[in-house]
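Worksheet: the structure to be examined is printed underneath.
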Amino acid sequence: MGDSDVLATNGYESNEEEEPITAQKVLEILEKAWMNERLSPDILPHQTEMLDLMLSQLAYMEESTKQLDKNDFRSVTHRMELERIRYLIASYLRCRISKIESFTQAILRDEEARTLQEKRLSDEELAFAKEYQSNMEAHFHQLVLRHLPRSFPDDPRKRIVQPNLDSHIFIRANENIDGVILRDDDEEVDMEEGSQHIVPYKLISDLVVKGKIDLI
């Protein structure tokens with residue numbers, strides 16, 4: 001898959017240059033999103049649009065591969081690339097579902113407080129999270145709460161499991177960034193493009209969301 005594979009038919013154009021995005025660029029965005037999602041303790045903004053573009057490209061690649069002789073070396077390499085991309089997409093989605101299942105209440109609480117532009121869950125993920133929470137609460141009540149004394153406190157906030165945002169992670173700056181707090185002592189540091197650091201996630205979470213740094 002090269003830069004010549006342009007996804008113009010999908011109606012997506014880059015905001016800066018207003019040119020159709022290439023399949024290679026979509027793949028790079030998804031690879032970066034996959035890596036950051038795996039390494040971040042918190043759930044990151046969804047990449048539904050990029051996933052839809054890549055799934056369309058996969059369908060096109062599959063049809064193109066069918067036209068090749070199975071003994072053709074190009075057919076072998078194309079099929080290997082297809083499997084690699086399928087694995088990336090499946091792993092990315094599994095990682096997000098795992099976080100939703102582990103931190104359902106915390107994720108839904110935070111999502112409700114965000115503006116429309118700040119939302120991190122896709123519509124499908126939001127529906128799944130709500131259904132999962134409803135099923136878990138019904139199961140918990142059936143299994144435990146109905147057998148406890150009525151005086152037992154049932155404050156849902158006391159049962160919220162949250163991601164550990166204090167965990168330390170490795171980061172790499174994608175650009176020069178001035179005045180970043182990398183420690184709890186509030187001392188500001190200027191980060192150079194390409195520089196690497198280990199910091200508590202909570203101090204740079206907004207920079208991850210903005211794409212200014214990547215997790216490594």
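Residue numbering restarts at 1 in every chain; chains get A, B, ... in the order shown in the structure tokens, and ligands count up from 1 in that same order.
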Give me, as a tab-separated table, each residue of stretch 12-80 of chain A that comes within 8 Å of stretch 163-177 of chain A, together with its shortest interatomic pair and the distance in Å at one decimal, counting only C-alpha atoms, with rows ordered by chain and rising residue number.
residue	atom	partner	partner_atom	distance
A:Leu39	CA	A:Ile169	CA	7.6
A:Ser40	CA	A:Ile169	CA	7.9
A:Pro41	CA	A:Pro163	CA	5.7
A:Asp42	CA	A:Pro163	CA	5.9
**Report entry** A:Arg79 surroundings by only C-alpha atoms, 9 Å radius, close-in-sequence under 6 positions cut, as a list of chain:residue names
**Finding:**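 Here the qualifying residues turn out to be A:Met61, A:Glu62, A:Thr65.
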Those same residues, written as a short mmCIF file (atom, residue, chain, number, x, y, z; two decimals), in the first residue's frame with all heavy atoms?
data_model
loop_
_atom_site.label_atom_id
_atom_site.label_comp_id
_atom_site.auth_asym_id
_atom_site.auth_seq_id
_atom_site.Cartn_x
_atom_site.Cartn_y
_atom_site.Cartn_z
N MET A 61 -8.41 -3.87 -1.38
CA MET A 61 -7.20 -4.67 -1.51
C MET A 61 -7.52 -6.16 -1.66
O MET A 61 -6.85 -6.87 -2.42
CB MET A 61 -6.30 -4.44 -0.29
CG MET A 61 -5.70 -3.06 -0.20
SD MET A 61 -4.83 -2.78 1.37
CE MET A 61 -3.48 -3.99 1.22
N GLU A 62 -8.52 -6.62 -0.95
CA GLU A 62 -8.91 -8.02 -1.06
C GLU A 62 -9.40 -8.35 -2.46
O GLU A 62 -9.06 -9.40 -3.02
CB GLU A 62 -10.00 -8.33 -0.02
CG GLU A 62 -9.48 -8.39 1.40
CD GLU A 62 -10.59 -8.57 2.42
OE1 GLU A 62 -11.78 -8.33 2.05
OE2 GLU A 62 -10.30 -8.95 3.57
N THR A 65 -6.40 -8.44 -4.77
CA THR A 65 -5.58 -9.63 -4.56
C THR A 65 -6.19 -10.86 -5.22
O THR A 65 -5.47 -11.74 -5.71
CB THR A 65 -5.40 -9.88 -3.05
OG1 THR A 65 -4.81 -8.73 -2.45
CG2 THR A 65 -4.50 -11.08 -2.80
#
Report task. Take atom CA of A:Glu31 and atom CA of A:Arg86 and report the distance between them in Å, one decimal. Result ->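 Atom-to-atom, atom CA of A:Glu31 and atom CA of A:Arg86 are spaced 11.6 Å apart.
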Requested in this report: To one decimal in Å, tell me the separation between atom CA of A:Gln133 and atom CA of A:Leu116.
Outcome: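 These atoms are spaced 21.7 Å apart.
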Report task. Extract, using only C-alpha atoms, all DNA, RNA and protein residues at most 9 Å from A:Lys130, discarding same-chain residues fewer than 3 positions from it, and format them as a PyMOL selection string. Result -> chain A and resi 104-105+108+125-127+133-135
Quick one: write out the picked residues with N, CA and C atoms as a tab-separated table (two decimals), in the first residue's frame?
chain	number	residue	atom	x	y	z
A	104	THR	N	-15.70	0.91	33.33
A	104	THR	CA	-16.95	1.35	32.71
A	104	THR	C	-17.51	2.62	33.34
A	105	GLN	N	-17.70	2.59	34.67
A	105	GLN	CA	-18.33	3.73	35.33
A	105	GLN	C	-17.49	5.00	35.22
A	108	LEU	N	-17.71	6.30	31.58
A	108	LEU	CA	-19.00	6.92	31.30
A	108	LEU	C	-19.16	8.25	32.04
A	125	GLU	N	-19.31	2.37	20.87
A	125	GLU	CA	-18.64	2.11	22.15
A	125	GLU	C	-19.46	2.64	23.31
A	126	LEU	N	-20.08	3.80	23.13
A	126	LEU	CA	-20.90	4.38	24.19
A	126	LEU	C	-22.10	3.48	24.48
A	127	ALA	N	-22.74	2.99	23.44
A	127	ALA	CA	-23.88	2.09	23.62
A	127	ALA	C	-23.44	0.80	24.31
A	133	GLN	N	-22.56	-1.71	31.61
A	133	GLN	CA	-22.75	-1.25	32.98
A	133	GLN	C	-24.10	-1.71	33.54
A	134	SER	N	-25.14	-1.60	32.72
A	134	SER	CA	-26.47	-2.03	33.16
A	134	SER	C	-26.48	-3.52	33.50
A	135	ASN	N	-25.87	-4.33	32.65
A	135	ASN	CA	-25.83	-5.77	32.90
A	135	ASN	C	-25.01	-6.11	34.14
Query - Interatomic distance, atom CA of A:Ala59 to atom CA of A:Glu83 (Å, one decimal) - result: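 It comes out at 12.3 Å.
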Report task. Can you pull out every residue within 12 Å of A:Met54, counting only C-alpha atoms, but drop anything in the same chain fewer than 2 positions away, and send it as an MDAnalysis selection string? Result -> chainID A and resid 1 5:7 10 12 21:31 47:52 56:61 82 85:86 88:89
Take the residues just selected and output them with N, CA, C and O atoms as a short mmCIF file (atom, residue, chain, number, x, y, z; two decimals), in the first residue's frame.
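In the end it all went to result.cif:
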data_model
loop_
_atom_site.label_atom_id
_atom_site.label_comp_id
_atom_site.auth_asym_id
_atom_site.auth_seq_id
_atom_site.Cartn_x
_atom_site.Cartn_y
_atom_site.Cartn_z
N MET A 1 0.85 -1.19 0.00
CA MET A 1 0.00 0.00 0.00
C MET A 1 0.89 1.24 0.00
O MET A 1 1.66 1.46 0.91
N ASP A 5 -2.27 5.27 -3.25
CA ASP A 5 -3.60 4.79 -2.91
C ASP A 5 -4.36 5.89 -2.19
O ASP A 5 -4.25 6.07 -1.00
N VAL A 6 -5.14 6.66 -2.95
CA VAL A 6 -5.82 7.82 -2.40
C VAL A 6 -7.27 7.47 -2.08
O VAL A 6 -7.98 6.92 -2.92
N LEU A 7 -7.70 7.78 -0.87
CA LEU A 7 -9.04 7.47 -0.44
C LEU A 7 -9.98 8.63 -0.72
O LEU A 7 -10.68 9.11 0.15
N ASN A 10 -13.99 8.31 -0.22
CA ASN A 10 -14.57 8.27 1.11
C ASN A 10 -14.96 9.66 1.61
O ASN A 10 -15.50 9.79 2.71
N TYR A 12 -13.08 12.05 2.71
CA TYR A 12 -12.26 12.61 3.78
C TYR A 12 -11.19 13.48 3.17
O TYR A 12 -10.49 13.09 2.25
N ILE A 21 -6.89 12.19 1.59
CA ILE A 21 -5.89 11.50 2.41
C ILE A 21 -5.53 10.18 1.75
O ILE A 21 -6.38 9.53 1.13
N THR A 22 -4.28 9.78 1.84
CA THR A 22 -3.83 8.53 1.24
C THR A 22 -4.05 7.37 2.19
O THR A 22 -4.12 7.55 3.42
N ALA A 23 -4.12 6.17 1.63
CA ALA A 23 -4.28 4.97 2.44
C ALA A 23 -3.09 4.78 3.37
O ALA A 23 -3.23 4.33 4.51
N GLN A 24 -1.90 5.13 2.89
CA GLN A 24 -0.71 4.99 3.71
C GLN A 24 -0.77 5.91 4.92
O GLN A 24 -0.40 5.52 6.03
N LYS A 25 -1.29 7.13 4.73
CA LYS A 25 -1.41 8.07 5.84
C LYS A 25 -2.42 7.57 6.86
O LYS A 25 -2.22 7.68 8.07
N VAL A 26 -3.53 7.01 6.38
CA VAL A 26 -4.53 6.44 7.29
C VAL A 26 -3.92 5.34 8.12
O VAL A 26 -4.13 5.25 9.33
N LEU A 27 -3.15 4.48 7.48
CA LEU A 27 -2.50 3.38 8.19
C LEU A 27 -1.54 3.90 9.24
O LEU A 27 -1.47 3.38 10.37
N GLU A 28 -0.77 4.93 8.92
CA GLU A 28 0.16 5.52 9.88
C GLU A 28 -0.59 6.08 11.09
O GLU A 28 -0.14 5.94 12.23
N ILE A 29 -1.73 6.74 10.84
CA ILE A 29 -2.53 7.29 11.93
C ILE A 29 -3.04 6.18 12.84
O ILE A 29 -2.99 6.28 14.07
N LEU A 30 -3.51 5.08 12.23
CA LEU A 30 -4.03 3.96 13.02
C LEU A 30 -2.92 3.25 13.79
O LEU A 30 -3.13 2.82 14.93
N GLU A 31 -1.75 3.12 13.19
CA GLU A 31 -0.63 2.49 13.90
C GLU A 31 -0.24 3.30 15.13
O GLU A 31 0.03 2.75 16.20
N GLN A 47 -10.95 6.54 16.86
CA GLN A 47 -10.51 6.81 15.48
C GLN A 47 -11.47 6.14 14.49
O GLN A 47 -11.05 5.51 13.52
N THR A 48 -12.75 6.29 14.73
CA THR A 48 -13.76 5.63 13.91
C THR A 48 -13.65 5.99 12.44
O THR A 48 -13.75 5.13 11.56
N GLU A 49 -13.43 7.27 12.15
CA GLU A 49 -13.35 7.69 10.75
C GLU A 49 -12.18 7.04 10.04
O GLU A 49 -12.31 6.55 8.91
N MET A 50 -11.03 6.98 10.72
CA MET A 50 -9.87 6.34 10.13
C MET A 50 -10.10 4.83 9.97
O MET A 50 -9.67 4.22 8.97
N LEU A 51 -10.78 4.22 10.93
CA LEU A 51 -11.08 2.79 10.84
C LEU A 51 -11.99 2.52 9.64
O LEU A 51 -11.77 1.54 8.90
N ASP A 52 -12.99 3.34 9.44
CA ASP A 52 -13.91 3.16 8.31
C ASP A 52 -13.16 3.29 6.99
O ASP A 52 -13.40 2.52 6.04
N SER A 56 -12.57 0.16 4.27
CA SER A 56 -12.91 0.30 2.85
C SER A 56 -11.70 -0.05 1.98
O SER A 56 -11.83 -0.73 0.95
N GLN A 57 -10.54 0.39 2.41
CA GLN A 57 -9.31 0.09 1.67
C GLN A 57 -9.01 -1.40 1.71
O GLN A 57 -8.56 -1.98 0.72
N LEU A 58 -9.27 -2.04 2.84
CA LEU A 58 -9.05 -3.48 2.95
C LEU A 58 -9.92 -4.24 1.97
O LEU A 58 -9.48 -5.21 1.33
N ALA A 59 -11.18 -3.84 1.87
CA ALA A 59 -12.09 -4.49 0.93
C ALA A 59 -11.58 -4.35 -0.50
O ALA A 59 -11.63 -5.31 -1.30
N TYR A 60 -11.08 -3.16 -0.82
CA TYR A 60 -10.52 -2.92 -2.16
C TYR A 60 -9.28 -3.78 -2.39
O TYR A 60 -9.11 -4.39 -3.46
N MET A 61 -8.41 -3.87 -1.38
CA MET A 61 -7.20 -4.67 -1.51
C MET A 61 -7.52 -6.16 -1.66
O MET A 61 -6.85 -6.87 -2.42
N LEU A 82 -2.46 -7.62 4.32
CA LEU A 82 -3.85 -7.64 4.75
C LEU A 82 -3.99 -8.20 6.15
O LEU A 82 -4.72 -7.65 6.98
N ILE A 85 -2.71 -5.71 8.78
CA ILE A 85 -3.65 -4.61 9.04
C ILE A 85 -4.85 -5.10 9.83
O ILE A 85 -5.34 -4.42 10.73
N ARG A 86 -5.35 -6.30 9.50
CA ARG A 86 -6.48 -6.86 10.25
C ARG A 86 -6.10 -7.04 11.72
O ARG A 86 -6.91 -6.76 12.61
N LEU A 88 -3.84 -5.37 13.41
CA LEU A 88 -3.72 -4.05 14.03
C LEU A 88 -5.10 -3.52 14.44
O LEU A 88 -5.28 -3.04 15.56
N ILE A 89 -6.06 -3.61 13.52
CA ILE A 89 -7.40 -3.10 13.81
C ILE A 89 -8.05 -3.88 14.94
O ILE A 89 -8.64 -3.29 15.86
#
Query raised in the report: What residues in stretch 33-154 of chain A get the DSSP label alpha helix (DSSP H)? Please answer as a PyMOL selection string.
Result: chain A and resi 33-39+48-66+73-102+104-113+123-143
Query raised in the report: What's the 10 Å shell around A:Glu118, counting only C-alpha atoms, without same-chain residues fewer than 6 positions away, as a PyMOL selection string?
Result: chain A and resi 45+111+209
Report task. Could you please write out, as a PyMOL selection string, every residue of stretch 21-180 of chain A that DSSP assigns to strand (DSSP E)? Result -> chain A and resi 168-173+177-180
Query raised in the report: With distances taken over only C-alpha atoms, which of A:Leu68, A:Leu215, A:Val76, A:Met191 is nearest to A:Trp34?
Result: A:Leu215
Query raised in the report: Quick one: of A:Ser91, A:Gln67, A:Ser75, A:Gln162, who's nearest to A:Ala33, counting only C-alpha atoms?
Result: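 Closest to A:Ala33 of all the choices is A:Ser91.
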